[in-house]
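Structure record follows, encoded as structure tokens.
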Amino acid sequence: MSQLNLHLKVWRQNAGQPGHFQDIDAPDIPDHASFLEMMDIVNERLISKGQEPVAFDHDCREGICGMCSMQINGVPHGPEKATTTCQLHMRKFRTGDTIWIEPFRAKAFPVIKDLVVDRGAFDRIQQAGGFVSVRTGAPQDANALPIGKEIADAAMDAAECIGCGACVAACKNASAMLFVSAKAGQLNLLPQGQPEKDRRTLGMVRQMDKEGFGNCTNQYECEAACPKQISVRWITKLNRDYAVAAVKEAFGNTPKVSGGGD
Amino acid sequence: MSAVFDSISRFYSSSIGKKILVALTGAALALFVLGHMIGNLLVFAGPDAINEYGHMLQTALHGGGVWIARIGLLAAVAVHVVATVSLTKANKAARPDAYGQHKAQVSGRSSRIMIWSGLTVLAFIIFHLLHFTIRAGNDFNGAAYKTELHGETVHNVFKMVIDGFSSTPASIFYLIAMALLCSHLSHGFSSLFQTLGISTDKTEPLFKKAGYAFAGLIFAGNAAIVLSIWLFGYGR
């Protein structure tokens, strides 16, 4: 085990006030620590010196909850491909390195404190259609609804999205298209999602626009930054599904005439 | 009736709706650019070939064809520009506070300067229309630019092009604009298939390569006309 001597530039901000970078020296960091453990060590030292610790988001620390964030040296979740900040290890850095640590920046993700941002916009997008309505009652027989393996596998790929917001952070336009397309596409692909497909697509895209995210310019930085490697082909699908739903909405029967449903 | 217009206005005000319009108008404009270049390459087939081509365009559908094309193209340019400017404004507003460090991992330079390459091309289109279509600030509308073709008096497109590209500043501006158009098309070509929901894992690499080839072809063809006249004295 070796120790790293690092120099951190950490974003400090209180909600509603302007922020700034604070220079923090982080000597003697064990290289087997995770990035969040490094932050824990730094915070322990700040607290023992009577200073305010750095606020950052974390929960499961095993790469599946989507809570940890941080723009590390200009890249969401740091330099490792397909890795969340909690799974990033300090051995990926060299002693003497300067590390820039910033919040995920977007108008739709307001800073709560330091590195903690409010990602409630994602929840509101989900509430606008990212679900399948089921009636209560006895469950249907298993396998009553056949689903091809290719479809099931693809839906699982989209379902891998942990909603961390790295796609928004990486995009130069702070667009949420990768998140929205994964959440809508997962259900739009499966037979269970068909009845509400158009309503879901229109609802989620409109909520996304309302939240103040930017627009996709097809540069695919989101895919490169995604810790779950969600493919931009989901965005292709969302574009297609949206076009179809919008045309149906514009020229099709109103729900009153067709009796609802589609 | 108004329900349809409500839905259309909702479509336009949505992010994806605007992008689909940008993609469709972009596709139309890219096709025009290709046709325009192929037609212009007739300059290398000699004065009669390009003058006859120009006369054909002017007189198609009893002179109405050219106006149908002009109105269609102007509408496409207007939608393309207005929608992209509005999208770009929204994009800037979506990140009010800049990063201290922000690394682009996969996006190319062309994709990041689309608005600037696009606006330069727009400025070029205005200059180009004043130069060769309206022919303002030059005497390309004068009697010296009339010629006889099959017993008819027609506009001497050949002489106009040769004289136009005998000017160094105009030639340089044309080359810069073509380079930026090439950059714009290199991202726009494959991008439009993604926005229209057509790209797949298998076709995306093809669309990318086809986009680079298309952009290169447009630059090579158009620059050949300018360079051969301006630098190598073709037709002078």
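Following the order of the structure tokens, first chain is A, next is B, and so on, with residues numbered from 1 inside each chain and ligands from 1 in the order they appear.
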
Enumerate as a PDB file with C-alpha atoms, in the first residue's frame the residues belonging to chain A that approach chain B to within 9 Å, with only C-alpha atoms taken into account.
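Okay, this is what ended up in result-v8.pdb:
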ATOM      1  CA  PHE A  21     -13.326  26.610  -5.468  1.00  0.00           C
ATOM      2  CA  GLN A  71     -17.646  16.037 -11.763  1.00  0.00           C
ATOM      3  CA  ILE A  72     -14.058  14.825 -11.237  1.00  0.00           C
ATOM      4  CA  ASN A  73     -11.396  16.488 -13.415  1.00  0.00           C
ATOM      5  CA  GLY A  74     -14.065  17.557 -15.890  1.00  0.00           C
ATOM      6  CA  VAL A  75     -15.749  14.159 -16.239  1.00  0.00           C
ATOM      7  CA  TRP A 100     -10.965  19.223  -9.569  1.00  0.00           C
ATOM      8  CA  ILE A 101     -14.180  18.213  -7.788  1.00  0.00           C
ATOM      9  CA  GLU A 102     -17.412  19.952  -8.812  1.00  0.00           C
ATOM     10  CA  PRO A 103     -21.143  19.330  -8.606  1.00  0.00           C
ATOM     11  CA  PHE A 104     -23.125  18.129 -11.656  1.00  0.00           C
ATOM     12  CA  ARG A 105     -23.949  21.510 -13.170  1.00  0.00           C
ATOM     13  CA  ALA A 106     -27.344  22.182 -14.768  1.00  0.00           C
ATOM     14  CA  LYS A 107     -30.114  24.698 -14.286  1.00  0.00           C
ATOM     15  CA  ALA A 108     -32.422  21.735 -13.640  1.00  0.00           C
ATOM     16  CA  ALA A 170     -21.471  15.429 -19.348  1.00  0.00           C
ATOM     17  CA  CYS A 171     -23.654  17.053 -22.008  1.00  0.00           C
ATOM     18  CA  LYS A 172     -22.544  20.503 -23.109  1.00  0.00           C
ATOM     19  CA  ASN A 173     -26.260  21.404 -23.251  1.00  0.00           C
ATOM     20  CA  ALA A 174     -27.171  19.754 -19.923  1.00  0.00           C
ATOM     21  CA  SER A 175     -29.655  17.584 -21.834  1.00  0.00           C
ATOM     22  CA  VAL A 205     -40.560  14.606 -22.946  1.00  0.00           C
ATOM     23  CA  ARG A 206     -42.796  17.549 -21.993  1.00  0.00           C
ATOM     24  CA  MET A 208     -38.111  17.113 -19.423  1.00  0.00           C
ATOM     25  CA  ASP A 209     -38.540  20.334 -21.425  1.00  0.00           C
ATOM     26  CA  GLY A 212     -35.172  23.355 -18.152  1.00  0.00           C
ATOM     27  CA  PHE A 213     -32.826  20.679 -19.474  1.00  0.00           C
ATOM     28  CA  GLY A 214     -31.068  21.477 -22.771  1.00  0.00           C
ATOM     29  CA  ASN A 215     -31.544  19.761 -26.118  1.00  0.00           C
ATOM     30  CA  CYS A 216     -29.641  16.818 -27.546  1.00  0.00           C
ATOM     31  CA  THR A 217     -27.067  17.750 -30.213  1.00  0.00           C
ATOM     32  CA  ASN A 218     -26.067  14.137 -30.948  1.00  0.00           C
ATOM     33  CA  GLN A 219     -22.525  14.331 -29.594  1.00  0.00           C
ATOM     34  CA  TYR A 220     -22.880  11.272 -27.376  1.00  0.00           C
ATOM     35  CA  GLU A 221     -20.837  12.592 -24.429  1.00  0.00           C
ATOM     36  CA  ALA A 224     -19.266   8.007 -22.824  1.00  0.00           C
ATOM     37  CA  ALA A 225     -19.906   9.277 -19.286  1.00  0.00           C
ATOM     38  CA  ARG A 233     -29.680   4.185 -29.491  1.00  0.00           C
ATOM     39  CA  ILE A 235     -32.320   8.369 -27.760  1.00  0.00           C
ATOM     40  CA  THR A 236     -32.891   7.276 -31.373  1.00  0.00           C
ATOM     41  CA  LYS A 237     -35.881   5.277 -30.157  1.00  0.00           C
ATOM     42  CA  LEU A 238     -37.227   8.152 -28.068  1.00  0.00           C
ATOM     43  CA  ASN A 239     -37.005  10.487 -31.089  1.00  0.00           C
ATOM     44  CA  ARG A 240     -38.925   7.938 -33.165  1.00  0.00           C
ATOM     45  CA  ASP A 241     -41.525   7.206 -30.465  1.00  0.00           C
ATOM     46  CA  TYR A 242     -42.046  10.932 -29.878  1.00  0.00           C
ATOM     47  CA  ALA A 243     -42.554  11.659 -33.588  1.00  0.00           C
ATOM     48  CA  ALA A 246     -47.016  13.600 -31.678  1.00  0.00           C
ATOM     49  CA  VAL A 247     -48.437  12.806 -35.131  1.00  0.00           C
ATOM     50  CA  GLU A 249     -51.946  13.320 -31.066  1.00  0.00           C
ATOM     51  CA  ALA A 250     -52.154  15.988 -33.751  1.00  0.00           C
ATOM     52  CA  PHE A 251     -54.239  14.119 -36.301  1.00  0.00           C
TER      53      PHE A 251
END

request  = With a distance cut-off of 7 Å and only C-alpha atoms, select the neighbouring residues of stretch 81-87 of chain A, excluding the residue or stretch itself and same-chain residues fewer than 5 positions from it, and output the selection as a list in words.
outcome  =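 Answer for this query is Ser34, Phe35, Leu36, Arg61, Glu62, Gly63, Cys68, Ser69, Cys226, Pro227, Lys228 and Gln229 of chain A.
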
Output N, CA and C atoms for every residue in that selection, as a short mmCIF file (atom, residue, chain, number, x, y, z; two decimals), in the first residue's frame.
data_model
loop_
_atom_site.label_atom_id
_atom_site.label_comp_id
_atom_site.auth_asym_id
_atom_site.auth_seq_id
_atom_site.Cartn_x
_atom_site.Cartn_y
_atom_site.Cartn_z
N SER A 34 -11.50 4.26 -1.78
CA SER A 34 -12.34 4.69 -2.89
C SER A 34 -12.36 6.21 -2.88
N PHE A 35 -12.90 6.80 -3.93
CA PHE A 35 -12.92 8.26 -4.01
C PHE A 35 -13.74 8.85 -2.85
N LEU A 36 -14.86 8.16 -2.54
CA LEU A 36 -15.70 8.67 -1.44
C LEU A 36 -15.00 8.51 -0.09
N ARG A 61 -22.77 2.93 -2.08
CA ARG A 61 -21.32 2.78 -2.28
C ARG A 61 -20.96 1.48 -2.97
N GLU A 62 -21.87 0.92 -3.74
CA GLU A 62 -21.52 -0.24 -4.55
C GLU A 62 -22.01 -0.09 -5.99
N GLY A 63 -22.22 1.16 -6.41
CA GLY A 63 -22.43 1.42 -7.82
C GLY A 63 -23.81 1.14 -8.36
N CYS A 68 -24.34 8.84 -5.72
CA CYS A 68 -23.10 9.60 -5.79
C CYS A 68 -23.00 10.30 -7.14
N SER A 69 -22.32 11.42 -7.12
CA SER A 69 -22.25 12.22 -8.34
C SER A 69 -20.83 12.75 -8.50
N CYS A 226 -21.71 7.64 -19.07
CA CYS A 226 -22.69 6.85 -18.31
C CYS A 226 -22.01 5.70 -17.58
N PRO A 227 -22.16 5.64 -16.25
CA PRO A 227 -21.53 4.55 -15.52
C PRO A 227 -22.16 3.20 -15.85
N LYS A 228 -23.34 3.22 -16.44
CA LYS A 228 -24.00 1.96 -16.81
C LYS A 228 -23.98 1.74 -18.33
N GLN A 229 -23.26 2.58 -19.05
CA GLN A 229 -23.07 2.44 -20.50
C GLN A 229 -24.38 2.31 -21.26
#

query = If you run DSSP on the backbone, which residues of stretch 208-251 of chain A are alpha helix (DSSP H), as a PyMOL selection string?
reply = chain A and resi 208-210+221-225+233-251

Between atom CA of B:Ala30 and atom CA of B:Gly211 - distance in Å to one decimal = 10.5 Å

query = Between B:Gly221, B:Pro205, B:Pro169, B:Gly233, which one has atoms that come closest to B:Val33, using only C-alpha atoms?
reply =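 Once distances to B:Val33 are computed over only C-alpha atoms, the minimum belongs to B:Gly221.
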
I'd like the neighbourhood of B:Val66 as a short mmCIF file (atom, residue, chain, number, x, y, z; two decimals) with C-alpha atoms, in the first residue's frame, where a residue qualifies if any of its atoms comes within 12 Å (using only C-alpha atoms), though same-chain residues fewer than 4 positions away should be ignored.
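Everything below was put into part05.cif:
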data_model
loop_
_atom_site.label_atom_id
_atom_site.label_comp_id
_atom_site.auth_asym_id
_atom_site.auth_seq_id
_atom_site.Cartn_x
_atom_site.Cartn_y
_atom_site.Cartn_z
CA GLY B 54 -28.80 28.28 -66.30
CA HIS B 55 -31.34 29.10 -69.02
CA MET B 56 -33.14 25.81 -68.38
CA LEU B 57 -33.44 26.61 -64.63
CA GLN B 58 -34.71 30.13 -65.39
CA THR B 59 -37.36 28.96 -67.85
CA ALA B 60 -38.50 25.69 -66.23
CA LEU B 61 -42.31 25.60 -65.73
CA HIS B 62 -42.59 28.84 -67.71
CA ARG B 70 -36.50 29.68 -54.17
CA ILE B 71 -39.52 29.95 -51.88
CA GLY B 72 -39.10 26.35 -50.73
CA LEU B 73 -35.40 26.82 -50.00
CA THR B 133 -28.59 35.88 -57.91
#

Nearby residues (only C-alpha atoms) at most 6 Å from A:His7, same-chain spacing under 5 positions excluded, as a list in words =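 In the requested form, the answer reads Asp25, Ala26 and Thr98 of chain A.
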
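Closest to B:Ser183 among B:Ile113, B:Trp230, B:Val157, B:Ile126 is B:Ile113, based on only C-alpha atoms.
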
key: Surrounding residues of B:Lys146 excluding itself and chain neighbours under 5 positions, 6 Å, only C-alpha atoms, as a PyMOL selection string   = chain B and resi 154-156

Convert the current residue selection to file output with C-alpha atoms, as a PDB file, in the first residue's frame.
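See selection.pdb below for the written result:
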ATOM      1  CA  VAL B 154     -29.475  34.219 -72.507  1.00  0.00           C
ATOM      2  CA  HIS B 155     -27.619  35.213 -69.352  1.00  0.00           C
ATOM      3  CA  ASN B 156     -23.875  34.513 -69.630  1.00  0.00           C
TER       4      ASN B 156
END

ask   = Between atom CA of B:Ile125 and atom CA of B:Pro47, what is the spacing in Å?
value =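 So the answer is 24.5 Å.
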
task = Rounded to one decimal place, report the atom CA of A:Val116-atom CA of A:Asn14 distance in Å.
result =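 Separation between atom CA of A:Val116 and atom CA of A:Asn14: 9.8 Å.
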
request  = Please provide the set of residues having any atom within 9 Å of B:Lys159, restricted to only C-alpha atoms, with same-chain residues fewer than 5 positions apart removed, written as a list of chain:residue names.
outcome  =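 Listed by chain and then number, they are B:Pro47, B:Phe140, B:Tyr145, B:Gly164, B:Gly235, B:Arg236.
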
For the residues in the current selection, export C-alpha atoms as a PDB file, in the first residue's frame.
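out-v4.pdb written:
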ATOM      1  CA  PRO B  47     -19.651  28.201 -71.636  1.00  0.00           C
ATOM      2  CA  PHE B 140     -23.468  40.993 -63.826  1.00  0.00           C
ATOM      3  CA  TYR B 145     -23.304  39.448 -69.541  1.00  0.00           C
ATOM      4  CA  GLY B 164     -16.810  36.592 -59.933  1.00  0.00           C
ATOM      5  CA  GLY B 235     -11.621  30.590 -68.403  1.00  0.00           C
ATOM      6  CA  ARG B 236      -9.899  33.908 -67.871  1.00  0.00           C
TER       7      ARG B 236
END

inquiry  = Could you check the closest approach to B:Asn51 for each of B:Phe32, B:Phe165, B:Tyr174, B:Phe158 and tell me which residue wins, using only C-alpha atoms?
reply    =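 Closest to B:Asn51 of all the choices is B:Phe158.
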
key: Residue neighbourhood stretch 122-131 of chain A, 8 Å, only C-alpha atoms, exclusion window fewer than 4 positions, as a list of chain:residue names   =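 My reading of the contact set: A:Gly163, A:Val180, A:Lys183, A:Ala184, A:Leu187, A:Arg199, A:Arg200, A:Thr201, A:Gly203, A:Met204, A:Val205, A:Gln207, A:Met208.
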
Could the residues in this selection be saved with C-alpha atoms as a PDB file, in the first residue's frame?
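Everything below was put into again-v5.pdb:
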ATOM      1  CA  GLY A 163     -30.684   7.887 -12.633  1.00  0.00           C
ATOM      2  CA  VAL A 180     -35.438  10.010 -20.349  1.00  0.00           C
ATOM      3  CA  LYS A 183     -36.642   5.199 -18.765  1.00  0.00           C
ATOM      4  CA  ALA A 184     -39.253   5.622 -21.520  1.00  0.00           C
ATOM      5  CA  LEU A 187     -41.210   0.351 -20.993  1.00  0.00           C
ATOM      6  CA  ARG A 199     -49.001   9.068 -23.365  1.00  0.00           C
ATOM      7  CA  ARG A 200     -45.757   8.103 -21.595  1.00  0.00           C
ATOM      8  CA  THR A 201     -43.517   9.422 -24.373  1.00  0.00           C
ATOM      9  CA  GLY A 203     -45.596  13.211 -20.919  1.00  0.00           C
ATOM     10  CA  MET A 204     -41.968  12.469 -20.122  1.00  0.00           C
ATOM     11  CA  VAL A 205     -40.560  14.606 -22.946  1.00  0.00           C
ATOM     12  CA  GLN A 207     -41.773  17.283 -18.343  1.00  0.00           C
ATOM     13  CA  MET A 208     -38.111  17.113 -19.423  1.00  0.00           C
TER      14      MET A 208
END
